[in-house]
$ cat query_1.pdb   # PDB, N, CA and C atoms
MODEL        1
ATOM      1  N   MET A1109     -41.857  22.841  45.756  1.00  0.00           N
ATOM      2  CA  MET A1109     -40.427  23.027  45.722  1.00  0.00           C
ATOM      3  C   MET A1109     -40.013  23.293  44.278  1.00  0.00           C
ATOM      4  N   TYR A1110     -39.239  24.298  44.084  1.00  0.00           N
ATOM      5  CA  TYR A1110     -38.777  24.704  42.763  1.00  0.00           C
ATOM      6  C   TYR A1110     -37.325  24.287  42.605  1.00  0.00           C
ATOM      7  N   ARG A1111     -37.036  23.470  41.595  1.00  0.00           N
ATOM      8  CA  ARG A1111     -35.664  23.018  41.396  1.00  0.00           C
ATOM      9  C   ARG A1111     -35.370  22.940  39.909  1.00  0.00           C
ATOM     10  N   LYS A1112     -34.118  23.203  39.558  1.00  0.00           N
ATOM     11  CA  LYS A1112     -33.692  23.165  38.158  1.00  0.00           C
ATOM     12  C   LYS A1112     -32.270  22.664  38.081  1.00  0.00           C
ATOM     13  N   HIS A1113     -31.960  22.022  36.978  1.00  0.00           N
ATOM     14  CA  HIS A1113     -30.584  21.614  36.727  1.00  0.00           C
ATOM     15  C   HIS A1113     -29.906  22.704  35.901  1.00  0.00           C
ATOM     16  N   GLY A1114     -28.596  22.578  35.709  1.00  0.00           N
ATOM     17  CA  GLY A1114     -27.788  23.624  35.089  1.00  0.00           C
ATOM     18  C   GLY A1114     -28.292  24.120  33.752  1.00  0.00           C
ATOM     19  N   TYR A1115     -28.605  23.207  32.827  1.00  0.00           N
ATOM     20  CA  TYR A1115     -29.058  23.630  31.499  1.00  0.00           C
ATOM     21  C   TYR A1115     -30.372  24.401  31.595  1.00  0.00           C
ATOM     22  N   ALA A1116     -31.290  23.905  32.428  1.00  0.00           N
ATOM     23  CA  ALA A1116     -32.571  24.604  32.601  1.00  0.00           C
ATOM     24  C   ALA A1116     -32.355  25.988  33.208  1.00  0.00           C
ATOM     25  N   LEU A1117     -31.392  26.100  34.120  1.00  0.00           N
ATOM     26  CA  LEU A1117     -31.076  27.409  34.694  1.00  0.00           C
ATOM     27  C   LEU A1117     -30.567  28.376  33.627  1.00  0.00           C
ATOM     28  N   THR A1118     -29.673  27.901  32.746  1.00  0.00           N
ATOM     29  CA  THR A1118     -29.151  28.793  31.705  1.00  0.00           C
ATOM     30  C   THR A1118     -30.265  29.256  30.790  1.00  0.00           C
ATOM     31  N   LYS A1119     -31.203  28.381  30.455  1.00  0.00           N
ATOM     32  CA  LYS A1119     -32.319  28.758  29.584  1.00  0.00           C
ATOM     33  C   LYS A1119     -33.251  29.738  30.288  1.00  0.00           C
ATOM     34  N   ASP A1120     -33.480  29.541  31.577  1.00  0.00           N
ATOM     35  CA  ASP A1120     -34.327  30.454  32.341  1.00  0.00           C
ATOM     36  C   ASP A1120     -33.693  31.836  32.412  1.00  0.00           C
ATOM     37  N   ILE A1121     -32.407  31.897  32.707  1.00  0.00           N
ATOM     38  CA  ILE A1121     -31.690  33.179  32.771  1.00  0.00           C
ATOM     39  C   ILE A1121     -31.731  33.872  31.416  1.00  0.00           C
ATOM     40  N   GLU A1122     -31.532  33.109  30.371  1.00  0.00           N
ATOM     41  CA  GLU A1122     -31.573  33.667  29.015  1.00  0.00           C
ATOM     42  C   GLU A1122     -32.946  34.263  28.722  1.00  0.00           C
ATOM     43  N   ALA A1123     -34.011  33.585  29.145  1.00  0.00           N
ATOM     44  CA  ALA A1123     -35.375  34.047  28.868  1.00  0.00           C
ATOM     45  C   ALA A1123     -35.754  35.296  29.658  1.00  0.00           C
ATOM     46  N   PHE A1124     -35.434  35.335  30.964  1.00  0.00           N
ATOM     47  CA  PHE A1124     -35.909  36.475  31.744  1.00  0.00           C
ATOM     48  C   PHE A1124     -34.922  37.630  31.798  1.00  0.00           C
ATOM     49  N   ALA A1125     -33.626  37.381  31.605  1.00  0.00           N
ATOM     50  CA  ALA A1125     -32.633  38.454  31.729  1.00  0.00           C
ATOM     51  C   ALA A1125     -31.973  38.800  30.405  1.00  0.00           C
ATOM     52  N   ASP A1126     -32.285  38.034  29.367  1.00  0.00           N
ATOM     53  CA  ASP A1126     -31.697  38.256  28.042  1.00  0.00           C
ATOM     54  C   ASP A1126     -30.166  38.222  28.112  1.00  0.00           C
ATOM     55  N   VAL A1127     -29.650  37.278  28.915  1.00  0.00           N
ATOM     56  CA  VAL A1127     -28.214  37.095  29.090  1.00  0.00           C
ATOM     57  C   VAL A1127     -27.900  35.631  28.819  1.00  0.00           C
ATOM     58  N   ARG A1128     -26.906  35.407  27.975  1.00  0.00           N
ATOM     59  CA  ARG A1128     -26.496  34.033  27.685  1.00  0.00           C
ATOM     60  C   ARG A1128     -25.216  33.730  28.457  1.00  0.00           C
ATOM     61  N   LEU A1129     -25.287  32.719  29.326  1.00  0.00           N
ATOM     62  CA  LEU A1129     -24.141  32.339  30.140  1.00  0.00           C
ATOM     63  C   LEU A1129     -23.404  31.170  29.513  1.00  0.00           C
ATOM     64  N   ALA A1130     -22.098  31.236  29.570  1.00  0.00           N
ATOM     65  CA  ALA A1130     -21.289  30.085  29.167  1.00  0.00           C
ATOM     66  C   ALA A1130     -21.413  29.033  30.266  1.00  0.00           C
ATOM     67  N   PRO A1131     -21.396  27.752  29.905  1.00  0.00           N
ATOM     68  CA  PRO A1131     -21.549  26.710  30.927  1.00  0.00           C
ATOM     69  C   PRO A1131     -20.552  26.828  32.077  1.00  0.00           C
ATOM     70  N   GLY A1132     -19.307  27.156  31.797  1.00  0.00           N
ATOM     71  CA  GLY A1132     -18.320  27.297  32.865  1.00  0.00           C
ATOM     72  C   GLY A1132     -18.687  28.389  33.848  1.00  0.00           C
ATOM     73  N   THR A1133     -19.232  29.479  33.350  1.00  0.00           N
ATOM     74  CA  THR A1133     -19.645  30.597  34.205  1.00  0.00           C
ATOM     75  C   THR A1133     -20.727  30.149  35.170  1.00  0.00           C
ATOM     76  N   LEU A1134     -21.721  29.450  34.648  1.00  0.00           N
ATOM     77  CA  LEU A1134     -22.825  28.996  35.491  1.00  0.00           C
ATOM     78  C   LEU A1134     -22.335  28.022  36.555  1.00  0.00           C
ATOM     79  N   TYR A1135     -21.543  27.043  36.158  1.00  0.00           N
ATOM     80  CA  TYR A1135     -21.133  26.014  37.114  1.00  0.00           C
ATOM     81  C   TYR A1135     -20.179  26.560  38.169  1.00  0.00           C
ATOM     82  N   GLU A1136     -19.383  27.549  37.844  1.00  0.00           N
ATOM     83  CA  GLU A1136     -18.561  28.218  38.864  1.00  0.00           C
ATOM     84  C   GLU A1136     -19.460  28.925  39.870  1.00  0.00           C
ATOM     85  N   ALA A1137     -20.472  29.621  39.369  1.00  0.00           N
ATOM     86  CA  ALA A1137     -21.408  30.322  40.258  1.00  0.00           C
ATOM     87  C   ALA A1137     -22.171  29.325  41.129  1.00  0.00           C
ATOM     88  N   LEU A1138     -22.616  28.221  40.549  1.00  0.00           N
ATOM     89  CA  LEU A1138     -23.329  27.214  41.331  1.00  0.00           C
ATOM     90  C   LEU A1138     -22.440  26.673  42.457  1.00  0.00           C
ATOM     91  N   GLY A1139     -21.179  26.444  42.158  1.00  0.00           N
ATOM     92  CA  GLY A1139     -20.249  25.968  43.175  1.00  0.00           C
ATOM     93  C   GLY A1139     -20.093  26.962  44.313  1.00  0.00           C
ATOM     94  N   ARG A1140     -19.985  28.252  43.970  1.00  0.00           N
ATOM     95  CA  ARG A1140     -19.859  29.286  45.008  1.00  0.00           C
ATOM     96  C   ARG A1140     -21.140  29.373  45.845  1.00  0.00           C
ATOM     97  N   LEU A1141     -22.289  29.363  45.178  1.00  0.00           N
ATOM     98  CA  LEU A1141     -23.565  29.453  45.897  1.00  0.00           C
ATOM     99  C   LEU A1141     -23.771  28.258  46.823  1.00  0.00           C
ATOM    100  N   GLU A1142     -23.395  27.080  46.345  1.00  0.00           N
ATOM    101  CA  GLU A1142     -23.512  25.881  47.172  1.00  0.00           C
ATOM    102  C   GLU A1142     -22.546  25.962  48.361  1.00  0.00           C
ATOM    103  N   GLY A1143     -21.340  26.428  48.124  1.00  0.00           N
ATOM    104  CA  GLY A1143     -20.357  26.584  49.190  1.00  0.00           C
ATOM    105  C   GLY A1143     -20.791  27.562  50.266  1.00  0.00           C
ATOM    106  N   GLN A1144     -21.586  28.550  49.886  1.00  0.00           N
ATOM    107  CA  GLN A1144     -22.089  29.545  50.839  1.00  0.00           C
ATOM    108  C   GLN A1144     -23.390  29.099  51.501  1.00  0.00           C
ATOM    109  N   GLY A1145     -23.898  27.938  51.106  1.00  0.00           N
ATOM    110  CA  GLY A1145     -25.135  27.429  51.693  1.00  0.00           C
ATOM    111  C   GLY A1145     -26.394  28.072  51.146  1.00  0.00           C
ATOM    112  N   LEU A1146     -26.293  28.740  49.996  1.00  0.00           N
ATOM    113  CA  LEU A1146     -27.449  29.432  49.427  1.00  0.00           C
ATOM    114  C   LEU A1146     -28.294  28.529  48.529  1.00  0.00           C
ATOM    115  N   ILE A1147     -27.659  27.505  47.961  1.00  0.00           N
ATOM    116  CA  ILE A1147     -28.374  26.493  47.181  1.00  0.00           C
ATOM    117  C   ILE A1147     -27.868  25.124  47.627  1.00  0.00           C
ATOM    118  N   GLU A1148     -28.612  24.101  47.276  1.00  0.00           N
ATOM    119  CA  GLU A1148     -28.141  22.746  47.558  1.00  0.00           C
ATOM    120  C   GLU A1148     -28.477  21.839  46.391  1.00  0.00           C
ATOM    121  N   ALA A1149     -27.554  20.939  46.110  1.00  0.00           N
ATOM    122  CA  ALA A1149     -27.775  19.953  45.062  1.00  0.00           C
ATOM    123  C   ALA A1149     -28.744  18.907  45.591  1.00  0.00           C
ATOM    124  N   MET A1150     -29.586  18.437  44.710  1.00  0.00           N
ATOM    125  CA  MET A1150     -30.559  17.423  45.084  1.00  0.00           C
ATOM    126  C   MET A1150     -30.178  16.092  44.453  1.00  0.00           C
ATOM    127  N   GLU A1151     -30.768  15.043  44.951  1.00  0.00           N
ATOM    128  CA  GLU A1151     -30.512  13.718  44.405  1.00  0.00           C
ATOM    129  C   GLU A1151     -30.955  13.675  42.946  1.00  0.00           C
ATOM    130  N   SER A1152     -30.174  12.991  42.141  1.00  0.00           N
ATOM    131  CA  SER A1152     -30.467  12.874  40.720  1.00  0.00           C
ATOM    132  C   SER A1152     -30.398  11.409  40.314  1.00  0.00           C
ATOM    133  N   HIS A1153     -31.258  11.051  39.378  1.00  0.00           N
ATOM    134  CA  HIS A1153     -31.274   9.680  38.880  1.00  0.00           C
ATOM    135  C   HIS A1153     -30.695   9.588  37.475  1.00  0.00           C
ATOM    136  N   ASP A1154     -30.148  10.684  36.995  1.00  0.00           N
ATOM    137  CA  ASP A1154     -29.452  10.696  35.709  1.00  0.00           C
ATOM    138  C   ASP A1154     -28.261  11.640  35.841  1.00  0.00           C
ATOM    139  N   ARG A1155     -27.667  12.015  34.748  1.00  0.00           N
ATOM    140  CA  ARG A1155     -26.461  12.852  34.835  1.00  0.00           C
ATOM    141  C   ARG A1155     -26.750  14.318  35.137  1.00  0.00           C
ATOM    142  N   ARG A1156     -28.004  14.737  35.008  1.00  0.00           N
ATOM    143  CA  ARG A1156     -28.359  16.115  35.358  1.00  0.00           C
ATOM    144  C   ARG A1156     -28.420  16.249  36.873  1.00  0.00           C
ATOM    145  N   ARG A1157     -27.932  17.375  37.371  1.00  0.00           N
ATOM    146  CA  ARG A1157     -27.899  17.595  38.820  1.00  0.00           C
ATOM    147  C   ARG A1157     -28.797  18.788  39.160  1.00  0.00           C
ATOM    148  N   PRO A1158     -29.979  18.530  39.728  1.00  0.00           N
ATOM    149  CA  PRO A1158     -30.863  19.647  40.077  1.00  0.00           C
ATOM    150  C   PRO A1158     -30.404  20.350  41.355  1.00  0.00           C
ATOM    151  N   TYR A1159     -30.733  21.623  41.441  1.00  0.00           N
ATOM    152  CA  TYR A1159     -30.413  22.441  42.608  1.00  0.00           C
ATOM    153  C   TYR A1159     -31.687  23.104  43.099  1.00  0.00           C
ATOM    154  N   ARG A1160     -31.695  23.424  44.377  1.00  0.00           N
ATOM    155  CA  ARG A1160     -32.801  24.205  44.925  1.00  0.00           C
ATOM    156  C   ARG A1160     -32.239  25.250  45.879  1.00  0.00           C
ATOM    157  N   LEU A1161     -32.995  26.297  46.052  1.00  0.00           N
ATOM    158  CA  LEU A1161     -32.650  27.386  46.959  1.00  0.00           C
ATOM    159  C   LEU A1161     -32.855  26.913  48.396  1.00  0.00           C
ATOM    160  N   THR A1162     -31.919  27.205  49.266  1.00  0.00           N
ATOM    161  CA  THR A1162     -32.079  26.887  50.690  1.00  0.00           C
ATOM    162  C   THR A1162     -32.849  28.019  51.364  1.00  0.00           C
ATOM    163  N   SER A1163     -33.209  27.819  52.611  1.00  0.00           N
ATOM    164  CA  SER A1163     -33.879  28.889  53.372  1.00  0.00           C
ATOM    165  C   SER A1163     -32.982  30.114  53.465  1.00  0.00           C
ATOM    166  N   LEU A1164     -31.698  29.887  53.727  1.00  0.00           N
ATOM    167  CA  LEU A1164     -30.739  30.997  53.770  1.00  0.00           C
ATOM    168  C   LEU A1164     -30.654  31.667  52.405  1.00  0.00           C
ATOM    169  N   GLY A1165     -30.651  30.880  51.344  1.00  0.00           N
ATOM    170  CA  GLY A1165     -30.598  31.428  49.990  1.00  0.00           C
ATOM    171  C   GLY A1165     -31.809  32.284  49.682  1.00  0.00           C
ATOM    172  N   ALA A1166     -32.989  31.822  50.093  1.00  0.00           N
ATOM    173  CA  ALA A1166     -34.214  32.588  49.856  1.00  0.00           C
ATOM    174  C   ALA A1166     -34.186  33.910  50.615  1.00  0.00           C
ATOM    175  N   ALA A1167     -33.744  33.881  51.862  1.00  0.00           N
ATOM    176  CA  ALA A1167     -33.665  35.114  52.662  1.00  0.00           C
ATOM    177  C   ALA A1167     -32.639  36.077  52.068  1.00  0.00           C
ATOM    178  N   THR A1168     -31.516  35.553  51.618  1.00  0.00           N
ATOM    179  CA  THR A1168     -30.476  36.381  51.008  1.00  0.00           C
ATOM    180  C   THR A1168     -30.970  36.991  49.706  1.00  0.00           C
ATOM    181  N   LEU A1169     -31.640  36.188  48.891  1.00  0.00           N
ATOM    182  CA  LEU A1169     -32.185  36.683  47.628  1.00  0.00           C
ATOM    183  C   LEU A1169     -33.242  37.757  47.880  1.00  0.00           C
ATOM    184  N   ARG A1170     -34.109  37.522  48.853  1.00  0.00           N
ATOM    185  CA  ARG A1170     -35.156  38.500  49.176  1.00  0.00           C
ATOM    186  C   ARG A1170     -34.532  39.835  49.582  1.00  0.00           C
ATOM    187  N   ALA A1171     -33.515  39.809  50.416  1.00  0.00           N
ATOM    188  CA  ALA A1171     -32.843  41.043  50.851  1.00  0.00           C
ATOM    189  C   ALA A1171     -32.193  41.751  49.672  1.00  0.00           C
ATOM    190  N   HIS A1172     -31.551  40.986  48.793  1.00  0.00           N
ATOM    191  CA  HIS A1172     -30.911  41.572  47.615  1.00  0.00           C
ATOM    192  C   HIS A1172     -31.949  42.214  46.687  1.00  0.00           C
ATOM    193  N   LEU A1173     -33.049  41.516  46.446  1.00  0.00           N
ATOM    194  CA  LEU A1173     -34.087  42.052  45.560  1.00  0.00           C
ATOM    195  C   LEU A1173     -34.755  43.274  46.168  1.00  0.00           C
ATOM    196  N   ASP A1174     -34.955  43.281  47.489  1.00  0.00           N
ATOM    197  CA  ASP A1174     -35.517  44.468  48.146  1.00  0.00           C
ATOM    198  C   ASP A1174     -34.587  45.671  47.971  1.00  0.00           C
ATOM    199  N   ALA A1175     -33.286  45.449  48.111  1.00  0.00           N
ATOM    200  CA  ALA A1175     -32.318  46.538  47.925  1.00  0.00           C
ATOM    201  C   ALA A1175     -32.340  47.028  46.488  1.00  0.00           C
ATOM    202  N   GLN A1176     -32.420  46.119  45.536  1.00  0.00           N
ATOM    203  CA  GLN A1176     -32.468  46.511  44.129  1.00  0.00           C
ATOM    204  C   GLN A1176     -33.755  47.280  43.823  1.00  0.00           C
ATOM    205  N   ARG A1177     -34.861  46.881  44.457  1.00  0.00           N
ATOM    206  CA  ARG A1177     -36.127  47.594  44.268  1.00  0.00           C
ATOM    207  C   ARG A1177     -35.999  49.029  44.754  1.00  0.00           C
ATOM    208  N   ARG A1178     -35.369  49.218  45.925  1.00  0.00           N
ATOM    209  CA  ARG A1178     -35.196  50.580  46.452  1.00  0.00           C
ATOM    210  C   ARG A1178     -34.357  51.436  45.503  1.00  0.00           C
ATOM    211  N   VAL A1179     -33.302  50.878  44.954  1.00  0.00           N
ATOM    212  CA  VAL A1179     -32.457  51.604  44.004  1.00  0.00           C
ATOM    213  C   VAL A1179     -33.261  51.963  42.756  1.00  0.00           C
ATOM    214  N   ALA A1180     -34.006  50.990  42.229  1.00  0.00           N
ATOM    215  CA  ALA A1180     -34.796  51.237  41.016  1.00  0.00           C
ATOM    216  C   ALA A1180     -35.872  52.298  41.269  1.00  0.00           C
ATOM    217  N   GLU A1181     -36.560  52.215  42.402  1.00  0.00           N
ATOM    218  CA  GLU A1181     -37.607  53.191  42.713  1.00  0.00           C
ATOM    219  C   GLU A1181     -37.040  54.593  42.853  1.00  0.00           C
ATOM    220  N   LEU A1182     -35.889  54.728  43.500  1.00  0.00           N
ATOM    221  CA  LEU A1182     -35.245  56.035  43.632  1.00  0.00           C
ATOM    222  C   LEU A1182     -34.869  56.571  42.254  1.00  0.00           C
ATOM    223  N   GLY A1183     -34.268  55.744  41.428  1.00  0.00           N
ATOM    224  CA  GLY A1183     -33.895  56.172  40.082  1.00  0.00           C
ATOM    225  C   GLY A1183     -35.099  56.609  39.268  1.00  0.00           C
ATOM    226  N   LEU A1184     -36.185  55.851  39.347  1.00  0.00           N
ATOM    227  CA  LEU A1184     -37.401  56.214  38.610  1.00  0.00           C
ATOM    228  C   LEU A1184     -38.006  57.516  39.124  1.00  0.00           C
ATOM    229  N   ARG A1185     -38.000  57.716  40.444  1.00  0.00           N
ATOM    230  CA  ARG A1185     -38.501  58.988  41.001  1.00  0.00           C
ATOM    231  C   ARG A1185     -37.662  60.167  40.511  1.00  0.00           C
ATOM    232  N   ARG A1186     -36.347  59.979  40.492  1.00  0.00           N
ATOM    233  CA  ARG A1186     -35.471  61.070  40.048  1.00  0.00           C
ATOM    234  C   ARG A1186     -35.682  61.365  38.563  1.00  0.00           C
ATOM    235  N   LEU A1187     -35.830  60.318  37.777  1.00  0.00           N
ATOM    236  CA  LEU A1187     -36.093  60.552  36.352  1.00  0.00           C
ATOM    237  C   LEU A1187     -37.425  61.256  36.147  1.00  0.00           C
ATOM    238  N   ALA A1188     -38.443  60.866  36.890  1.00  0.00           N
ATOM    239  CA  ALA A1188     -39.753  61.500  36.778  1.00  0.00           C
ATOM    240  C   ALA A1188     -39.701  62.965  37.174  1.00  0.00           C
ATOM    241  N   ALA A1189     -38.797  63.318  38.075  1.00  0.00           N
ATOM    242  CA  ALA A1189     -38.646  64.712  38.526  1.00  0.00           C
ATOM    243  C   ALA A1189     -37.772  65.522  37.580  1.00  0.00           C
ATOM    244  N   GLY A1190     -37.350  64.918  36.486  1.00  0.00           N
ATOM    245  CA  GLY A1190     -36.556  65.658  35.500  1.00  0.00           C
ATOM    246  C   GLY A1190     -35.074  65.563  35.710  1.00  0.00           C
ATOM    247  N   TRP A1191     -34.631  64.674  36.574  1.00  0.00           N
ATOM    248  CA  TRP A1191     -33.198  64.490  36.841  1.00  0.00           C
ATOM    249  C   TRP A1191     -32.519  64.019  35.573  1.00  0.00           C
ATOM    250  N   GLY A1192     -31.478  64.660  35.208  1.00  0.00           N
ATOM    251  CA  GLY A1192     -30.713  64.280  34.017  1.00  0.00           C
ATOM    252  C   GLY A1192     -31.261  64.878  32.726  1.00  0.00           C
ATOM    253  N   ALA A1193     -32.327  65.660  32.810  1.00  0.00           N
ATOM    254  CA  ALA A1193     -32.869  66.262  31.590  1.00  0.00           C
ATOM    255  C   ALA A1193     -31.945  67.382  31.117  1.00  0.00           C
ATOM    256  N   ALA A1194     -31.728  67.408  29.828  1.00  0.00           N
ATOM    257  CA  ALA A1194     -30.831  68.416  29.269  1.00  0.00           C
ATOM    258  C   ALA A1194     -31.574  69.683  28.965  1.00  0.00           C
TER     259      ALA A1194
ENDMDL
END

$ encode --input "query_1.pdb" --output "structure tokens"
Amino acid sequence: MYRKHGYALTKDIEAFADVRLAPGTLYEALGRLEGQGLIEAMESHDRRRPYRLTSLGAATLRAHLDAQRRVAELGLRRLAAGWGAA
């Protein structure tokens, strides 16, 4: 099971996406994702609150990433064919 608390999530996003999120931005997103049933808060024994992806969240993420892959592959094929060349 893969779980992270808010600060660890911001550091992970910063490392893989080169995007720095303000704490308010992250916690608003976490609230929306939890409200949609895509993530769930886990029990915590300190002030940090870990979250994990739900089954619905994993399926939703997989569908989103598959769609993004199709867009990226199409764009790369078009660029390879000289699309946009001046």

$ resolve_selection --input "query_1.pdb" --expression "the PyMOL selection byres ((chain A and resi 1152-1158) around 7)" --output "ChimeraX atom specification"
/A:1111-1114,1148-1151,1159-1160

$ write_last_selection --input "query_1.pdb" --atoms "N, CA and C atoms" --output "mmCIF file, keeping the file's coordinate frame"
data_model
loop_
_atom_site.group_PDB
_atom_site.id
_atom_site.type_symbol
_atom_site.label_atom_id
_atom_site.label_comp_id
_atom_site.auth_asym_id
_atom_site.auth_seq_id
_atom_site.Cartn_x
_atom_site.Cartn_y
_atom_site.Cartn_z
ATOM 1 N N ARG A 1111 -37.036 23.470 41.595
ATOM 2 C CA ARG A 1111 -35.664 23.018 41.396
ATOM 3 C C ARG A 1111 -35.370 22.940 39.909
ATOM 4 N N LYS A 1112 -34.118 23.203 39.558
ATOM 5 C CA LYS A 1112 -33.692 23.165 38.158
ATOM 6 C C LYS A 1112 -32.270 22.664 38.081
ATOM 7 N N HIS A 1113 -31.960 22.022 36.978
ATOM 8 C CA HIS A 1113 -30.584 21.614 36.727
ATOM 9 C C HIS A 1113 -29.906 22.704 35.901
ATOM 10 N N GLY A 1114 -28.596 22.578 35.709
ATOM 11 C CA GLY A 1114 -27.788 23.624 35.089
ATOM 12 C C GLY A 1114 -28.292 24.120 33.752
ATOM 13 N N GLU A 1148 -28.612 24.101 47.276
ATOM 14 C CA GLU A 1148 -28.141 22.746 47.558
ATOM 15 C C GLU A 1148 -28.477 21.839 46.391
ATOM 16 N N ALA A 1149 -27.554 20.939 46.110
ATOM 17 C CA ALA A 1149 -27.775 19.953 45.062
ATOM 18 C C ALA A 1149 -28.744 18.907 45.591
ATOM 19 N N MET A 1150 -29.586 18.437 44.710
ATOM 20 C CA MET A 1150 -30.559 17.423 45.084
ATOM 21 C C MET A 1150 -30.178 16.092 44.453
ATOM 22 N N GLU A 1151 -30.768 15.043 44.951
ATOM 23 C CA GLU A 1151 -30.512 13.718 44.405
ATOM 24 C C GLU A 1151 -30.955 13.675 42.946
ATOM 25 N N TYR A 1159 -30.733 21.623 41.441
ATOM 26 C CA TYR A 1159 -30.413 22.441 42.608
ATOM 27 C C TYR A 1159 -31.687 23.104 43.099
ATOM 28 N N ARG A 1160 -31.695 23.424 44.377
ATOM 29 C CA ARG A 1160 -32.801 24.205 44.925
ATOM 30 C C ARG A 1160 -32.239 25.250 45.879
#

$ select_by_dssp --input "query_1.pdb" --residues "chain A" --states "helix (DSSP H, G or I)" --output "ChimeraX atom specification"
/A:1114-1125,1131-1143,1163-1188

$ resolve_selection --input "query_1.pdb" --expression "the PyMOL selection byres (((chain A and resi 1163 and name CA) around 12) and name CA)" --output "number ranges by chain"
A: 1109, 1145-1148, 1160-1162, 1164-1170

$ resolve_selection --input "query_1.pdb" --expression "the PyMOL selection byres (((chain A and resi 1118 and name CA) around 9) and name CA)" --output "JSON, numbers by chain"
{"A": [1113, 1114, 1115, 1116, 1117, 1119, 1120, 1121, 1122, 1123, 1127, 1128, 1129, 1130, 1131, 1134]}

$ atom_distance --input "query_1.pdb" --atom1 "CA of Asp1174 in chain A" --atom2 "CA of Ala1125 in chain A"
17.7 Å

$ select_by_dssp --input "query_1.pdb" --residues "chain A" --states "strand (DSSP E or B)" --output "PyMOL selection string"
chain A and resi 1111-1113+1147-1149+1158-1161

$ atom_distance --input "query_1.pdb" --atom1 "atom C of Ala1180 in chain A" --atom2 "atom C of Ala1193 in chain A"
18.6 Å

$ decode --input "query_1.pdb" --residues "range 1133-1185 of chain A" --atoms "C-alpha atoms" --output "PDB file, in the first residue's frame"
ATOM      1  CA  THR A1133      -3.415  24.497  -3.171  1.00  0.00           C
ATOM      2  CA  LEU A1134      -2.533  20.951  -2.182  1.00  0.00           C
ATOM      3  CA  TYR A1135      -4.967  20.738   0.720  1.00  0.00           C
ATOM      4  CA  GLU A1136      -7.843  22.106  -1.376  1.00  0.00           C
ATOM      5  CA  ALA A1137      -7.109  19.449  -3.998  1.00  0.00           C
ATOM      6  CA  LEU A1138      -6.893  16.728  -1.343  1.00  0.00           C
ATOM      7  CA  GLY A1139     -10.287  17.790  -0.003  1.00  0.00           C
ATOM      8  CA  ARG A1140     -11.844  17.618  -3.478  1.00  0.00           C
ATOM      9  CA  LEU A1141     -10.259  14.230  -4.232  1.00  0.00           C
ATOM     10  CA  GLU A1142     -11.433  12.839  -0.904  1.00  0.00           C
ATOM     11  CA  GLY A1143     -14.935  14.219  -1.493  1.00  0.00           C
ATOM     12  CA  GLN A1144     -15.056  12.438  -4.855  1.00  0.00           C
ATOM     13  CA  GLY A1145     -13.937   9.158  -3.281  1.00  0.00           C
ATOM     14  CA  LEU A1146     -10.652   9.088  -5.207  1.00  0.00           C
ATOM     15  CA  ILE A1147      -8.426   9.162  -2.111  1.00  0.00           C
ATOM     16  CA  GLU A1148      -9.011   8.416   1.540  1.00  0.00           C
ATOM     17  CA  ALA A1149      -7.376   9.672   4.690  1.00  0.00           C
ATOM     18  CA  MET A1150      -5.780   7.017   6.823  1.00  0.00           C
ATOM     19  CA  GLU A1151      -5.415   6.766  10.564  1.00  0.00           C
ATOM     20  CA  SER A1152      -2.572   8.849  11.932  1.00  0.00           C
ATOM     21  CA  HIS A1153      -0.749   8.725  15.233  1.00  0.00           C
ATOM     22  CA  ASP A1154       0.667  12.232  14.923  1.00  0.00           C
ATOM     23  CA  ARG A1155      -0.400  15.489  13.306  1.00  0.00           C
ATOM     24  CA  ARG A1156       0.479  14.309   9.791  1.00  0.00           C
ATOM     25  CA  ARG A1157      -2.473  12.871   7.893  1.00  0.00           C
ATOM     26  CA  PRO A1158      -1.563  10.195   5.329  1.00  0.00           C
ATOM     27  CA  TYR A1159      -3.727   9.553   2.274  1.00  0.00           C
ATOM     28  CA  ARG A1160      -4.016   6.637  -0.091  1.00  0.00           C
ATOM     29  CA  LEU A1161      -5.589   6.133  -3.488  1.00  0.00           C
ATOM     30  CA  THR A1162      -8.898   4.250  -3.468  1.00  0.00           C
ATOM     31  CA  SER A1163      -9.827   1.617  -6.047  1.00  0.00           C
ATOM     32  CA  LEU A1164     -11.990   4.219  -7.782  1.00  0.00           C
ATOM     33  CA  GLY A1165      -9.083   6.672  -7.640  1.00  0.00           C
ATOM     34  CA  ALA A1166      -6.710   4.154  -9.210  1.00  0.00           C
ATOM     35  CA  ALA A1167      -9.161   3.375 -12.027  1.00  0.00           C
ATOM     36  CA  THR A1168      -9.770   7.085 -12.634  1.00  0.00           C
ATOM     37  CA  LEU A1169      -6.045   7.835 -12.653  1.00  0.00           C
ATOM     38  CA  ARG A1170      -5.368   4.935 -15.031  1.00  0.00           C
ATOM     39  CA  ALA A1171      -8.012   6.209 -17.482  1.00  0.00           C
ATOM     40  CA  HIS A1172      -6.631   9.750 -17.291  1.00  0.00           C
ATOM     41  CA  LEU A1173      -3.042   8.598 -17.860  1.00  0.00           C
ATOM     42  CA  ASP A1174      -4.107   6.388 -20.785  1.00  0.00           C
ATOM     43  CA  ALA A1175      -5.820   9.399 -22.386  1.00  0.00           C
ATOM     44  CA  GLN A1176      -2.739  11.549 -21.828  1.00  0.00           C
ATOM     45  CA  ARG A1177      -0.557   8.820 -23.367  1.00  0.00           C
ATOM     46  CA  ARG A1178      -2.736   8.797 -26.498  1.00  0.00           C
ATOM     47  CA  VAL A1179      -2.452  12.587 -26.808  1.00  0.00           C
ATOM     48  CA  ALA A1180       1.326  12.486 -26.305  1.00  0.00           C
ATOM     49  CA  GLU A1181       1.793   9.646 -28.820  1.00  0.00           C
ATOM     50  CA  LEU A1182      -0.275  11.468 -31.450  1.00  0.00           C
ATOM     51  CA  GLY A1183       1.697  14.671 -30.902  1.00  0.00           C
ATOM     52  CA  LEU A1184       5.014  12.829 -31.166  1.00  0.00           C
ATOM     53  CA  ARG A1185       3.913  11.061 -34.373  1.00  0.00           C
TER      54      ARG A1185
END
